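J.: Quick one: the structure is below, and I'll ask about it shortly.
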Amino acid sequence: MSEMNRVTLTIKGVNYTVVGDEPQEVLNQIAGQTVNRIEEKLAASQRINDRMAMLLSVFEVENELTGLQEQMATINVLEPGERVDPIVLEELKDKIRAKNDALLKAENTIHELQNKLFHTQIELVQARKQNQELGK
């Protein structure tokens with residue numbers, strides 16, 4: 001059995017060790033990209049906590065992966081040496097643009113929902129505090 005490689009990611013001072021059978025250089029590259037993606041989410045809004053940033057990053061990566069898989073499926077339909085019809089190519093580009101627009105809308109919706117959740121949590125804390133004061 002081959003030895004597993006390890007890489008440690010540090011996010012907001014917390015270390016996360018990841019183990020994989022990929023080459024060390026690949027793990028290091030993936031770790032760096034992952035930390036950068038999460039830190040971008042954290043920097044974008046003070047309301048986003050570590051878990052939310054990680055979840056958003058995973059969601060974003062999965063969305064990108066799905067798009068790439070769809071593109072690969074389209075490419076794999078072609079026979080070797082076969083050329084793509086320019087009209088079909090434009091249609092595919094339009095579909096990709098539409099999916100990117102939908103992704104942006106989904107990201108905006110996620111941010112709006114996060115903001116609503118944040119405000120609701122604040123209201124809940126305030127209501128609990130008032131309830132405790134009334135109970136005294």
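Each chain in the structure tokens gets a letter, A, B, ..., in the order shown, and its residues are numbered from 1; ligands are numbered from 1 in order too.
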Skipping near chain neighbours, those fewer than 6 positions away, what residues fall within 12 Å of Val88 in chain A using only C-alpha atoms, listed as a PyMOL selection string?

T.: chain A and resi 74-75+78+94-95

J.: I'd like the contact shell of Glu3 in chain A - 12 Å cut-off, only C-alpha atoms, skipping same-chain residues fewer than 2 positions apart - returned as a PDB file with C-alpha atoms, in the first residue's frame.

T.:
ATOM      1  CA  MET A   1       0.000   0.000   0.000  1.00  0.00           C
ATOM      2  CA  ASN A   5       0.669  12.465   1.633  1.00  0.00           C
ATOM      3  CA  ARG A   6      -0.448  15.162   4.055  1.00  0.00           C
ATOM      4  CA  VAL A  19      -4.533  13.300   3.694  1.00  0.00           C
ATOM      5  CA  GLY A  20      -4.526  12.096   0.100  1.00  0.00           C
ATOM      6  CA  ASP A  21      -2.790   9.777  -2.308  1.00  0.00           C
ATOM      7  CA  GLU A  22      -2.101  12.562  -4.802  1.00  0.00           C
ATOM      8  CA  PRO A  23       1.488  13.803  -5.162  1.00  0.00           C
ATOM      9  CA  GLN A  24       2.553  16.258  -2.462  1.00  0.00           C
TER      10      GLN A  24
END

J.: Find the spatial neighbours of Asp50 in chain A, counting only C-alpha atoms, within a cut-off of 9 Å - ignore same-chain residues fewer than 5 positions away - and output them as a PyMOL selection string.

T.: chain A and resi 11-12+38-39+41-42+55

J.: Nearest to Ala31 in chain A among A:Met54, A:Ala44, A:Ile110, A:Val18, with distances taken over only C-alpha atoms: which residue is it?

T.: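 Under the stated criterion, the closest residue is A:Val18.
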
J.: Pull the strand (DSSP E or B) assignments for chain A out of DSSP run on the backbone, and list those residues as a ChimeraX atom specification.

T.: /A:5-11,14-20

J.: DSSP on the backbone, then: every residue of chain A marked alpha helix (DSSP H), written as a count of residues only.

T.: 99

J.: Between CA of Glu64 in chain A and CA of Asn15 in chain A, measure the distance and give it in Å to one decimal.

T.: 26.0 Å
